[in-house]
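What follows is a set of notes on a single structure, which appears directly below.
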Amino acid sequence: MDPGTIRKIIHIDMDAFYASVEQRDDPALRGRPVAVGSAAARGVVAAASYEARAFGVRSAMPSVTALRRCPELVFARPRFDAYRAVSRQIHAIFADYTDLIQPLSLDEAYLDVTADRRGLGTAWATAKEIRARILAETGLTASAGVSFNKLLAKLASDHRKPNGQFAVTPDMGEAWVETLPVARFHGVGPVTAAKMKRLGIETGADLRARSLAFLRERFGSAGDWYHAVARARDDRPVNPHRERKSSGSETTFDRDLLDPAEIEAGVLRMADDVWDWCEAARAFGRTVTVKVKFADFRLITRSRSHPLPVATREQLHRAGLELIRSVFPPEAGIRLVGVTVSNFERADTGEALPLFAT
């Protein structure tokens with residue numbers, strides 16, 4: 001790309017994706033507050049419909065808290081096969097407009113449409129057509145942000161949710177960023193936002209008023225990014241070859257477990273989840289990690305790297321059991337276990353495997 005070319009980037013974000021798929025597939029759920037997850041005592045909300053969000057229900061919220069906020073909340077068990085199938089439909093639509101697609105998850109992605117493959121004239125028109133096709137082909141709505149860099153496109157996609165579209169043009173970028181709360185910026189999590197608030201930094205304008213030296217002194221190397229964000233600068237390209245470094249799954253038990261057989265059963269279920277992904281992606285890793293969270297929330301991990309990739313479900317089972325048995329007998333009840341595979345290699349060549357979050 002010519003260094004002087006202004007990029008045209010779209011960020012597509014599906015609206016309440018998991019919950020919307022459930023409402024689409026089950027008419028009885030339409031218009032009702034829906035949470036994808038488990039209603040068990042230690043369940044967690046994976047996703048919430050907009051009807052549920054109106055009551056303050058959010059993803060990652062404990063299910064008991066969600067039910068207190070919305071007693072009429074309906075829980076739907078996750079169906080990741082269904083979500084992945086819809087995600088593939090959506091990504092097939094993207095591919096008609098550009099080869100520069102960077103998935104962030106099953107339900108969102110960056111698209112660089114600078115080349116205007118379909119001859120629609122503007123990125124705005126391209127985003128509008130993509131959203132219309134998603135609705136027609138999947139029955140689901142998506143929101144879009146259009147801008148000249150990834151930072152602004154992602155911020156813009158959230159500006160008119162759900163089922164909306166917003167553009168941030170080069171002449172408005174800096175002024176628009178100044179109006180936003182810093183908590184909305186990529187890379188500013190709750191802890192950093194709280195620290196910034198203590199320093200009197202609550203908006204983009206406040207952040208811009210601080211020097212690079214000030215930000216580096218208080219935030220280390222991240223200070224450079226915050227300095228750029230406050231000026232609406234982001235030179236990162238849309239990268240279709242973003243490497244996925246691991247695949248994992250974890251579960252929180254309904255009660256604290258001490259029985260080794262029950263704990264091992266949980267590890268095997270998580271290993272099966274991970275193996276299903278590895279097999280589908282043809283991605284096999286050499287390192288297996290088991291995570292354990294005790295009743296007092298103390299967290300430990302046990303890992304082992306193998307000389308060759310773990311190539312069968314049975315091998316992953318054996319590796320997971322070997323690792324979990326290293327903590328037996330448990331010193332306290334176990335509330336959560338997880339299994340992760342990393343250090344991926346291509347099964348046929350032994351080369352490192354670039355994976356995509358699709």
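We name chains A, B, ... following the order of the structure tokens; residues begin at 1 in each chain, and ligands are numbered from 1 as shown.
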| query | Which parts of range 23-62 of chain A does DSSP call helix (DSSP H, G or I) when run on the backbone here, written out as a ChimeraX atom specification? | reply | /A:23-25,27-29,50-53
| message | When you look at Arg210 in chain A with a cut-off of 10 Å (counting only C-alpha atoms), what residues show up, excluding the ones that are within fewer than 3 positions of it in the same chain? I need them as a ChimeraX atom specification. | response | /A:201,205-207,213-215,226-227,230
Selection: 9 Å around Asp254 in chain A, only C-alpha atoms, excl. self and same-chain fewer than 2 positions, as a compact mmCIF listing (two decimals) with N, CA, C and O atoms, in the first residue's frame:
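Result went into around17.txt, see below:
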# COMPACT_ATOMS: atom_id res chain seq x y z
N ALA A 40 -26.74 -22.78 37.25
CA ALA A 40 -26.25 -23.42 38.47
C ALA A 40 -25.68 -22.38 39.43
O ALA A 40 -25.34 -21.26 39.04
N ALA A 41 -25.56 -22.79 40.68
CA ALA A 41 -25.12 -21.86 41.72
C ALA A 41 -23.80 -21.18 41.38
O ALA A 41 -23.58 -20.02 41.72
N ARG A 42 -22.92 -21.91 40.72
CA ARG A 42 -21.63 -21.32 40.35
C ARG A 42 -21.52 -21.10 38.84
O ARG A 42 -20.43 -20.99 38.29
N GLY A 43 -22.65 -21.03 38.18
CA GLY A 43 -22.64 -20.76 36.75
C GLY A 43 -22.25 -19.32 36.47
O GLY A 43 -22.26 -18.45 37.34
N THR A 252 -16.34 -24.31 35.99
CA THR A 252 -16.50 -24.11 37.44
C THR A 252 -17.52 -25.13 37.95
O THR A 252 -18.63 -25.21 37.43
N ASP A 256 -17.47 -27.33 45.62
CA ASP A 256 -16.04 -27.62 45.75
C ASP A 256 -15.83 -29.13 45.78
O ASP A 256 -16.52 -29.84 46.51
N LEU A 257 -14.88 -29.59 45.00
CA LEU A 257 -14.64 -31.03 44.88
C LEU A 257 -13.36 -31.46 45.59
O LEU A 257 -12.33 -30.79 45.49
N ARG A 335 -12.68 -25.73 42.96
CA ARG A 335 -13.89 -25.14 42.39
C ARG A 335 -13.82 -25.04 40.87
O ARG A 335 -14.85 -24.91 40.21
| said: Let me make sure I understand: among A:Phe17, A:Trp124, A:Tyr110, A:Tyr50, which one has the smallest atom-to-atom distance to Val86 in chain A if we use only C-alpha atoms? | reply: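 With only C-alpha atoms as the atom set, the closest residue is A:Phe17.
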| Which distance in Å separates CA of Leu100 in chain A and CA of Val113 in chain A, to one decimal? |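 Distance reported for this atom pair: 7.6 Å.
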| task | Would you list the contacts of Ala142 in chain A as number ranges by chain, taking every protein, DNA or RNA residue within 7 Å and counting only C-alpha atoms, but skipping same-chain residues closer than 2 positions in sequence? | result | A: 12-15, 131, 140, 144, 163
| said: Under the rule that only C-alpha atoms are counted, which of A:Trp277, A:Phe55, A:Phe80, A:Phe166 is the nearest residue to Glu22 in chain A? | reply: A:Phe80
| task | Identify, on the basis of only C-alpha atoms, every residue whose closest approach to Arg68 in chain A does not exceed 12 Å; exclude the query and any residue fewer than 6 positions from it along the same chain; express the result as an NGL selection string. | result | :A and (39 or 52 or 55-57 or 61-62)
| task | Compile the contact shell of Thr169 in chain A as a list in words: residues with an atom at most 10 Å away, counting only C-alpha atoms, same-chain residues fewer than 5 positions apart removed. | result |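 These residues fall inside the cut-off: Lys8, Val146, Ser147, Phe148, Asn149, Leu152, Ala153, Glu174 and Trp176 of chain A.
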